[in-house]
$ cat coords.cif   # mmCIF, C-alpha atoms
data_work
#
loop_
_atom_site.group_PDB
_atom_site.id
_atom_site.type_symbol
_atom_site.label_atom_id
_atom_site.label_comp_id
_atom_site.auth_asym_id
_atom_site.auth_seq_id
_atom_site.Cartn_x
_atom_site.Cartn_y
_atom_site.Cartn_z
ATOM 1 C CA VAL A 1 14.123 159.936 -110.358
ATOM 2 C CA GLU A 2 17.309 161.947 -110.812
ATOM 3 C CA LEU A 3 20.653 160.211 -111.355
ATOM 4 C CA SER A 4 24.179 161.626 -111.451
ATOM 5 C CA PRO A 5 26.789 160.858 -114.109
ATOM 6 C CA ARG A 6 29.551 158.399 -113.215
ATOM 7 C CA GLU A 7 33.050 159.668 -112.523
ATOM 8 C CA GLY A 8 34.702 160.582 -115.847
ATOM 9 C CA ALA A 9 31.424 160.483 -117.811
ATOM 10 C CA PRO A 10 30.775 163.187 -120.413
ATOM 11 C CA SER A 11 28.531 166.055 -119.395
ATOM 12 C CA HIS A 12 24.849 165.267 -119.015
ATOM 13 C CA ASP A 13 23.938 168.942 -118.606
ATOM 14 C CA TRP A 14 21.222 170.679 -120.609
ATOM 15 C CA ASP A 15 23.718 172.060 -123.157
ATOM 16 C CA ASN A 16 25.036 168.575 -124.049
ATOM 17 C CA LEU A 17 22.177 166.107 -123.539
ATOM 18 C CA PRO A 18 18.860 166.498 -125.364
ATOM 19 C CA LEU A 19 15.422 165.814 -123.973
ATOM 20 C CA PHE A 20 14.300 162.431 -125.212
ATOM 21 C CA SER A 21 11.822 159.665 -124.645
ATOM 22 C CA TRP A 22 12.078 155.934 -125.241
ATOM 23 C CA SER A 23 9.302 153.376 -125.609
ATOM 24 C CA GLU A 24 9.414 149.673 -126.321
ATOM 25 C CA ALA A 25 6.253 149.985 -128.428
ATOM 26 C CA GLY A 26 6.379 153.488 -129.911
ATOM 27 C CA PHE A 27 4.706 156.663 -128.708
ATOM 28 C CA LYS A 28 1.617 155.664 -126.731
ATOM 29 C CA GLY A 29 1.957 152.141 -128.096
ATOM 30 C CA LYS A 30 1.258 148.963 -126.151
ATOM 31 C CA THR A 31 2.828 145.518 -126.117
ATOM 32 C CA LYS A 32 0.751 142.349 -126.503
ATOM 33 C CA ASP A 33 -0.110 142.281 -122.799
ATOM 34 C CA GLY A 34 -1.355 145.896 -123.009
ATOM 35 C CA SER A 35 1.522 147.411 -121.048
ATOM 36 C CA CYS A 36 4.472 149.431 -122.301
ATOM 37 C CA ARG A 37 7.835 150.441 -120.830
ATOM 38 C CA TYR A 38 8.064 154.147 -121.613
ATOM 39 C CA PHE A 39 10.620 156.590 -120.219
ATOM 40 C CA TYR A 40 11.349 160.244 -120.729
ATOM 41 C CA THR A 41 14.477 162.101 -119.683
ATOM 42 C CA THR A 42 15.498 165.667 -119.074
ATOM 43 C CA PRO A 43 19.125 166.702 -118.725
ATOM 44 C CA LYS A 44 20.632 168.180 -115.592
ATOM 45 C CA VAL A 45 20.132 171.921 -115.431
ATOM 46 C CA GLY A 46 23.285 173.518 -114.074
ATOM 47 C CA PHE A 47 21.631 176.461 -112.320
ATOM 48 C CA ALA A 48 21.247 176.096 -108.559
ATOM 49 C CA SER A 49 17.862 177.807 -108.708
ATOM 50 C CA SER A 50 16.514 175.073 -111.033
ATOM 51 C CA GLY A 51 16.371 172.486 -108.265
ATOM 52 C CA SER A 52 17.876 169.954 -110.670
ATOM 53 C CA VAL A 53 20.365 167.598 -109.024
ATOM 54 C CA GLY A 54 20.838 165.137 -111.878
ATOM 55 C CA VAL A 55 19.414 163.707 -115.084
ATOM 56 C CA LYS A 56 15.691 163.150 -114.600
ATOM 57 C CA ILE A 57 14.333 159.812 -115.798
ATOM 58 C CA GLY A 58 10.590 159.367 -115.588
ATOM 59 C CA ALA A 59 9.000 155.918 -115.716
ATOM 60 C CA HIS A 60 5.965 157.159 -117.636
ATOM 61 C CA ARG A 61 2.636 155.463 -116.863
ATOM 62 C CA GLU A 62 4.208 153.047 -114.369
ATOM 63 C CA GLY A 63 3.124 154.679 -111.127
ATOM 64 C CA PRO A 64 0.412 153.301 -108.897
ATOM 65 C CA LEU A 65 -3.212 153.999 -109.773
ATOM 66 C CA LEU A 66 -4.649 156.346 -107.170
ATOM 67 C CA ARG A 67 -8.129 156.128 -105.754
ATOM 68 C CA THR A 68 -8.522 158.457 -102.814
ATOM 69 C CA GLU A 69 -10.810 161.175 -101.534
ATOM 70 C CA ASP A 70 -8.863 163.655 -103.688
ATOM 71 C CA PHE A 71 -8.549 161.347 -106.730
ATOM 72 C CA GLU A 72 -11.996 159.875 -107.098
ATOM 73 C CA VAL A 73 -12.666 157.026 -109.516
ATOM 74 C CA PRO A 74 -16.347 156.051 -109.825
ATOM 75 C CA ASP A 75 -17.029 152.305 -109.714
ATOM 76 C CA ASP A 76 -18.205 152.311 -113.354
ATOM 77 C CA PHE A 77 -14.896 153.764 -114.505
ATOM 78 C CA ALA A 78 -12.802 151.554 -112.218
ATOM 79 C CA LYS A 79 -13.800 148.681 -114.530
ATOM 80 C CA LEU A 80 -11.784 150.314 -117.338
ATOM 81 C CA THR A 81 -8.400 149.925 -115.592
ATOM 82 C CA SER A 82 -7.708 146.716 -117.499
ATOM 83 C CA MET A 83 -7.452 148.890 -120.627
ATOM 84 C CA LEU A 84 -4.726 151.156 -119.190
ATOM 85 C CA PRO A 85 -1.103 150.695 -120.295
ATOM 86 C CA ASN A 86 0.096 150.514 -116.685
ATOM 87 C CA THR A 87 1.681 147.228 -115.671
ATOM 88 C CA ARG A 88 -0.015 147.450 -112.274
ATOM 89 C CA LYS A 89 -3.800 147.658 -112.427
ATOM 90 C CA GLU A 90 -4.732 147.768 -108.728
ATOM 91 C CA PHE A 91 -5.696 150.958 -106.922
ATOM 92 C CA CYS A 92 -3.890 152.304 -103.893
ATOM 93 C CA GLY A 93 -3.901 155.328 -101.620
ATOM 94 C CA GLN A 94 -1.599 158.329 -101.894
ATOM 95 C CA GLN A 95 2.077 157.486 -101.404
ATOM 96 C CA TYR A 96 4.786 160.003 -100.659
ATOM 97 C CA GLU A 97 7.899 157.840 -100.520
ATOM 98 C CA MET A 98 9.725 156.592 -103.589
ATOM 99 C CA ASP A 99 7.814 153.904 -105.470
ATOM 100 C CA GLU A 100 10.043 150.815 -105.472
ATOM 101 C CA PHE A 101 8.394 149.307 -108.552
ATOM 102 C CA ALA A 102 9.051 152.399 -110.697
ATOM 103 C CA TRP A 103 12.557 152.741 -109.206
ATOM 104 C CA LEU A 104 13.491 149.194 -110.264
ATOM 105 C CA LYS A 105 12.142 149.822 -113.776
ATOM 106 C CA THR A 106 14.139 153.081 -113.936
ATOM 107 C CA GLN A 107 17.326 151.336 -112.780
ATOM 108 C CA GLU A 108 16.920 148.669 -115.494
ATOM 109 C CA PHE A 109 16.402 151.361 -118.132
ATOM 110 C CA ALA A 110 19.390 153.440 -116.978
ATOM 111 C CA LYS A 111 21.724 150.418 -116.952
ATOM 112 C CA GLU A 112 20.583 149.437 -120.437
ATOM 113 C CA LYS A 113 20.278 152.824 -122.198
ATOM 114 C CA LEU A 114 22.246 155.343 -120.096
ATOM 115 C CA PRO A 115 25.119 153.325 -118.610
ATOM 116 C CA MET A 116 27.176 156.436 -117.835
ATOM 117 C CA LEU A 117 24.729 157.348 -115.072
ATOM 118 C CA LYS A 118 25.030 156.009 -111.517
ATOM 119 C CA SER A 119 21.955 153.831 -111.153
ATOM 120 C CA ASP A 120 22.676 152.411 -107.706
ATOM 121 C CA LYS A 121 20.987 155.245 -105.795
ATOM 122 C CA PRO A 122 18.834 158.198 -106.788
ATOM 123 C CA GLU A 123 19.994 161.761 -106.208
ATOM 124 C CA GLY A 124 16.389 162.818 -105.873
ATOM 125 C CA PHE A 125 12.866 161.808 -106.776
ATOM 126 C CA MET A 126 9.459 163.326 -107.246
ATOM 127 C CA ARG A 127 6.040 162.130 -108.268
ATOM 128 C CA CYS A 128 4.105 163.387 -111.250
ATOM 129 C CA LEU A 129 0.364 162.882 -111.026
ATOM 130 C CA TYR A 130 -1.795 162.858 -114.123
ATOM 131 C CA GLN A 131 -5.104 161.527 -115.339
ATOM 132 C CA MET A 132 -5.137 158.548 -117.678
ATOM 133 C CA THR A 133 -7.762 157.453 -120.175
ATOM 134 C CA PRO A 134 -7.990 153.871 -121.503
ATOM 135 C CA ASP A 135 -6.988 154.939 -125.030
ATOM 136 C CA MET A 136 -4.422 157.500 -123.761
ATOM 137 C CA LYS A 137 -6.214 160.287 -125.632
ATOM 138 C CA MET A 138 -7.551 163.406 -123.968
ATOM 139 C CA ILE A 139 -11.192 164.195 -123.280
ATOM 140 C CA LEU A 140 -12.413 167.467 -124.806
ATOM 141 C CA GLY A 141 -15.869 168.866 -125.350
ATOM 142 C CA LYS A 142 -19.257 169.072 -123.732
ATOM 143 C CA HIS A 143 -20.096 166.814 -120.809
ATOM 144 C CA PRO A 144 -22.405 164.000 -122.027
ATOM 145 C CA ASP A 145 -25.046 164.845 -119.402
ATOM 146 C CA ASP A 146 -24.651 168.614 -118.981
ATOM 147 C CA GLU A 147 -24.183 170.943 -121.950
ATOM 148 C CA PHE A 148 -23.117 173.748 -119.606
ATOM 149 C CA VAL A 149 -19.987 171.825 -118.565
ATOM 150 C CA THR A 150 -17.029 171.669 -120.939
ATOM 151 C CA LEU A 151 -14.402 169.005 -120.307
ATOM 152 C CA ALA A 152 -10.644 169.310 -120.835
ATOM 153 C CA CYS A 153 -8.965 166.466 -118.951
ATOM 154 C CA GLY A 154 -7.436 162.998 -119.176
ATOM 155 C CA PHE A 155 -4.285 164.177 -120.931
ATOM 156 C CA SER A 156 -2.417 160.980 -119.991
ATOM 157 C CA GLY A 157 0.789 162.821 -119.223
ATOM 158 C CA SER A 158 1.129 164.693 -122.499
ATOM 159 C CA GLY A 159 -1.301 167.609 -122.329
ATOM 160 C CA PHE A 160 1.483 170.206 -122.364
ATOM 161 C CA GLN A 161 2.382 169.128 -125.900
ATOM 162 C CA PHE A 162 -1.032 170.110 -127.152
ATOM 163 C CA ALA A 163 -1.691 173.161 -124.964
ATOM 164 C CA PRO A 164 -1.999 175.694 -127.831
ATOM 165 C CA ALA A 165 -4.522 173.544 -129.738
ATOM 166 C CA ILE A 166 -6.459 172.762 -126.538
ATOM 167 C CA ALA A 167 -6.619 176.457 -125.618
ATOM 168 C CA ASP A 168 -7.800 177.341 -129.122
ATOM 169 C CA PHE A 169 -10.490 174.645 -128.980
ATOM 170 C CA LEU A 170 -11.684 175.788 -125.530
ATOM 171 C CA ALA A 171 -11.774 179.447 -126.579
ATOM 172 C CA ALA A 172 -13.886 178.570 -129.623
ATOM 173 C CA THR A 173 -16.185 176.254 -127.649
ATOM 174 C CA LEU A 174 -16.730 178.579 -124.697
ATOM 175 C CA SER A 175 -17.243 181.688 -126.834
ATOM 176 C CA GLY A 176 -20.228 180.064 -128.522
ATOM 177 C CA LYS A 177 -18.867 180.710 -131.998
ATOM 178 C CA GLU A 178 -19.296 178.193 -134.755
ATOM 179 C CA LEU A 179 -16.546 175.575 -134.561
ATOM 180 C CA SER A 180 -14.087 175.276 -137.426
ATOM 181 C CA SER A 181 -13.621 171.917 -139.165
ATOM 182 C CA PHE A 182 -10.447 171.423 -137.083
ATOM 183 C CA HIS A 183 -12.347 172.045 -133.850
ATOM 184 C CA LYS A 184 -15.134 169.670 -134.920
ATOM 185 C CA GLU A 185 -12.541 167.006 -135.691
ATOM 186 C CA MET A 186 -11.041 167.482 -132.209
ATOM 187 C CA GLU A 187 -14.487 167.305 -130.639
ATOM 188 C CA ASP A 188 -15.313 164.065 -132.500
ATOM 189 C CA GLN A 189 -11.993 162.393 -131.749
ATOM 190 C CA PHE A 190 -11.772 163.348 -128.077
ATOM 191 C CA THR A 191 -15.404 163.155 -126.929
ATOM 192 C CA ALA A 192 -16.105 161.598 -123.527
ATOM 193 C CA ASN A 193 -18.898 159.635 -125.212
ATOM 194 C CA ARG A 194 -16.369 157.176 -126.633
ATOM 195 C CA PHE A 195 -16.156 155.503 -123.194
ATOM 196 C CA LEU A 196 -19.869 155.301 -122.428
ATOM 197 C CA SER A 197 -20.366 152.104 -124.463
ATOM 198 C CA ARG A 198 -17.637 150.380 -122.426
ATOM 199 C CA LEU A 199 -19.315 150.931 -119.059
#
$ encode --input "coords.cif" --output "structure tokens"
Amino acid sequence: VELSPREGAPSHDWDNLPLFSWSEAGFKGKTKDGSCRYFYTTPKVGFASSGSVGVKIGAHREGPLLRTEDFEVPDDFAKLTSMLPNTRKEFCGQQYEMDEFAWLKTQEFAKEKLPMLKSDKPEGFMRCLYQMTPDMKMILGKHPDDEFVTLACGFSGSGFQFAPAIADFLAATLSGKELSSFHKEMEDQFTANRFLSRL
């Protein structure tokens, strides 16, 4: 969701407002009920070509869980939704209009943490789709049932932060060279096998 500054508010443009995130339980943390309010913001970019119309506030991991022809979730894995940090655990089909649940959460956050923004109506909105894993850690390495398939998925909305390390791991894995200790540590920590015992 993008919100505009109130009349007389200081600039919320990219040269005055930093990127930041806020979480009630720390980065990738969870509250006692397993959920977590987590928001990230990006400042308004003052170039018309950017498409930015306001300060972007993303209600991270609060969107609906998709299960469609394009976003398949096998029945075995559907059982793991109770472990996700999302407040809502039910599946739904693809939605293209603004998600009212996430909008209300964003309004609450803006009123509390960014009161100089107009939180009565959005200037724009978009949806960000990403794959979640129950522990919010990526899946990297060989497929458990097919050594010719290498997995790099389930980045839980933060894969871009680790792109250089992921690319380095994939290059080493796919080239067939011996993995370094760092690569082996990544492979051990992010293996898909960690979920097999939960199915």
$ resolve_selection --input "coords.cif" --expression "the PyMOL selection byres ((chain A and resi 135-144) around 6)" --output "list in words"
Thr133, Pro134, Asp145, Asp146, Glu147, Val149, Thr150, Leu151, Ala152, Cys153, Gly154, Phe155, Ser156, Glu187, Phe190, Thr191 and Ala192 of chain A
$ resolve_selection --input "coords.cif" --expression "the PyMOL selection byres ((chain A and resi 82-92) around 7)" --output "list in words"
Lys30, Gly34, Ser35, Cys36, Arg61, Glu62, Pro64, Leu65, Leu66, Arg67, Leu80, Thr81, Gly93, Gln94 and Pro134 of chain A
$ closest_atom_pairs --input "coords.cif" --of "segment 81-176 of chain A" --to "segment 3-7 of chain A" --cutoff "7 Å" --atoms "all atoms listed in the file" --output "tab-separated table"
residue	atom	partner	partner_atom	distance
A:Met116	CA	A:Arg6	CA	5.6
A:Leu117	CA	A:Pro5	CA	4.2
A:Lys118	CA	A:Arg6	CA	5.4
A:Ser119	CA	A:Leu3	CA	6.5
A:Pro122	CA	A:Leu3	CA	5.3
A:Glu123	CA	A:Leu3	CA	5.4
$ closest_residue --input "coords.cif" --among "A:Asn193, A:Ser23, A:Ser52, A:Thr173" --to "Arg37 of chain A" --atoms "all atoms listed in the file"
A:Ser23
$ residues_around --input "coords.cif" --residues "segment 110-115 of chain A" --least-positions-apart "4" --cutoff "12 Å" --atoms "all atoms listed in the file" --output "MDAnalysis selection string"
chainID A and resid 1:7 9:10 12 17 20:23 39:41 43 55:59 103:106 119:122
$ closest_residue --input "coords.cif" --among "A:Ser50, A:Ala78, A:Phe27, A:Arg127" --to "Asp99 of chain A" --atoms "all atoms listed in the file"
A:Arg127
$ atom_distance --input "coords.cif" --atom1 "atom CA of Tyr130 of chain A" --atom2 "atom CA of Lys184 of chain A"
25.6 Å
$ atom_distance --input "coords.cif" --atom1 "atom CA of Ala102 of chain A" --atom2 "atom CA of Gly63 of chain A"
6.4 Å
$ closest_residue --input "coords.cif" --among "A:Ser175, A:Ser197, A:Ile166, A:Gly8" --to "Phe77 of chain A" --atoms "all atoms listed in the file"
A:Ser197
$ resolve_selection --input "coords.cif" --expression "the PyMOL selection byres ((chain A and resi 183) around 10)" --output "list in words"
Gly141, Ala165, Ile166, Asp168, Phe169, Leu170, Ala172, Thr173, Glu178, Leu179, Ser180, Ser181, Phe182, Lys184, Glu185, Met186, Glu187, Asp188 and Gln189 of chain A
$ write_last_selection --input "coords.cif" --atoms "C-alpha atoms" --output "mmCIF file, in the frame of the given file"
data_model
loop_
_atom_site.group_PDB
_atom_site.id
_atom_site.type_symbol
_atom_site.label_atom_id
_atom_site.label_comp_id
_atom_site.auth_asym_id
_atom_site.auth_seq_id
_atom_site.Cartn_x
_atom_site.Cartn_y
_atom_site.Cartn_z
ATOM 1 C CA GLY A 141 -15.869 168.866 -125.350
ATOM 2 C CA ALA A 165 -4.522 173.544 -129.738
ATOM 3 C CA ILE A 166 -6.459 172.762 -126.538
ATOM 4 C CA ASP A 168 -7.800 177.341 -129.122
ATOM 5 C CA PHE A 169 -10.490 174.645 -128.980
ATOM 6 C CA LEU A 170 -11.684 175.788 -125.530
ATOM 7 C CA ALA A 172 -13.886 178.570 -129.623
ATOM 8 C CA THR A 173 -16.185 176.254 -127.649
ATOM 9 C CA GLU A 178 -19.296 178.193 -134.755
ATOM 10 C CA LEU A 179 -16.546 175.575 -134.561
ATOM 11 C CA SER A 180 -14.087 175.276 -137.426
ATOM 12 C CA SER A 181 -13.621 171.917 -139.165
ATOM 13 C CA PHE A 182 -10.447 171.423 -137.083
ATOM 14 C CA LYS A 184 -15.134 169.670 -134.920
ATOM 15 C CA GLU A 185 -12.541 167.006 -135.691
ATOM 16 C CA MET A 186 -11.041 167.482 -132.209
ATOM 17 C CA GLU A 187 -14.487 167.305 -130.639
ATOM 18 C CA ASP A 188 -15.313 164.065 -132.500
ATOM 19 C CA GLN A 189 -11.993 162.393 -131.749
#
$ build_atoms --input "coords.cif" --residues "segment 39-56 of chain A" --atoms "N, CA, C and O atoms" --output "tab-separated table (two decimals), keeping the file's coordinate frame"
chain	number	residue	atom	x	y	z
A	39	PHE	N	9.85	155.68	-121.07
A	39	PHE	CA	10.62	156.59	-120.22
A	39	PHE	C	10.86	157.90	-120.95
A	39	PHE	O	10.97	157.93	-122.17
A	40	TYR	N	10.93	158.96	-120.18
A	40	TYR	CA	11.35	160.24	-120.73
A	40	TYR	C	12.48	160.77	-119.86
A	40	TYR	O	12.58	160.42	-118.67
A	41	THR	N	13.35	161.56	-120.44
A	41	THR	CA	14.48	162.10	-119.68
A	41	THR	C	14.60	163.59	-119.94
A	41	THR	O	14.24	164.08	-121.00
A	42	THR	N	15.11	164.27	-118.94
A	42	THR	CA	15.50	165.67	-119.07
A	42	THR	C	16.91	165.79	-118.53
A	42	THR	O	17.25	165.17	-117.52
A	43	PRO	N	17.74	166.57	-119.18
A	43	PRO	CA	19.12	166.70	-118.72
A	43	PRO	C	19.21	167.48	-117.42
A	43	PRO	O	18.26	168.13	-117.00
A	44	LYS	N	20.38	167.39	-116.80
A	44	LYS	CA	20.63	168.18	-115.59
A	44	LYS	C	20.71	169.65	-115.99
A	44	LYS	O	21.30	170.00	-117.00
A	45	VAL	N	20.07	170.48	-115.21
A	45	VAL	CA	20.13	171.92	-115.43
A	45	VAL	C	21.12	172.48	-114.42
A	45	VAL	O	20.96	172.30	-113.22
A	46	GLY	N	22.18	173.11	-114.92
A	46	GLY	CA	23.28	173.52	-114.07
A	46	GLY	C	23.08	174.76	-113.23
A	46	GLY	O	24.04	175.24	-112.64
A	47	PHE	N	21.89	175.29	-113.15
A	47	PHE	CA	21.63	176.46	-112.32
A	47	PHE	C	21.10	176.01	-110.97
A	47	PHE	O	20.14	175.23	-110.91
A	48	ALA	N	21.68	176.50	-109.89
A	48	ALA	CA	21.25	176.10	-108.56
A	48	ALA	C	19.76	176.37	-108.34
A	48	ALA	O	19.07	175.60	-107.68
A	49	SER	N	19.27	177.44	-108.90
A	49	SER	CA	17.86	177.81	-108.71
A	49	SER	C	16.89	176.85	-109.40
A	49	SER	O	15.70	176.86	-109.14
A	50	SER	N	17.40	175.99	-110.31
A	50	SER	CA	16.51	175.07	-111.03
A	50	SER	C	16.00	173.94	-110.16
A	50	SER	O	14.99	173.33	-110.45
A	51	GLY	N	16.75	173.62	-109.10
A	51	GLY	CA	16.37	172.49	-108.26
A	51	GLY	C	16.81	171.16	-108.85
A	51	GLY	O	16.63	170.11	-108.24
A	52	SER	N	17.42	171.18	-110.02
A	52	SER	CA	17.88	169.95	-110.67
A	52	SER	C	19.15	169.45	-110.00
A	52	SER	O	20.10	170.20	-109.83
A	53	VAL	N	19.17	168.18	-109.63
A	53	VAL	CA	20.36	167.60	-109.02
A	53	VAL	C	20.96	166.49	-109.89
A	53	VAL	O	21.97	165.90	-109.54
A	54	GLY	N	20.34	166.19	-111.00
A	54	GLY	CA	20.84	165.14	-111.88
A	54	GLY	C	19.98	165.04	-113.12
A	54	GLY	O	19.13	165.88	-113.38
A	55	VAL	N	20.21	163.99	-113.90
A	55	VAL	CA	19.41	163.71	-115.08
A	55	VAL	C	18.10	163.08	-114.61
A	55	VAL	O	18.10	162.10	-113.88
A	56	LYS	N	17.00	163.68	-115.00
A	56	LYS	CA	15.69	163.15	-114.60
A	56	LYS	C	15.28	162.05	-115.57
A	56	LYS	O	15.32	162.23	-116.79
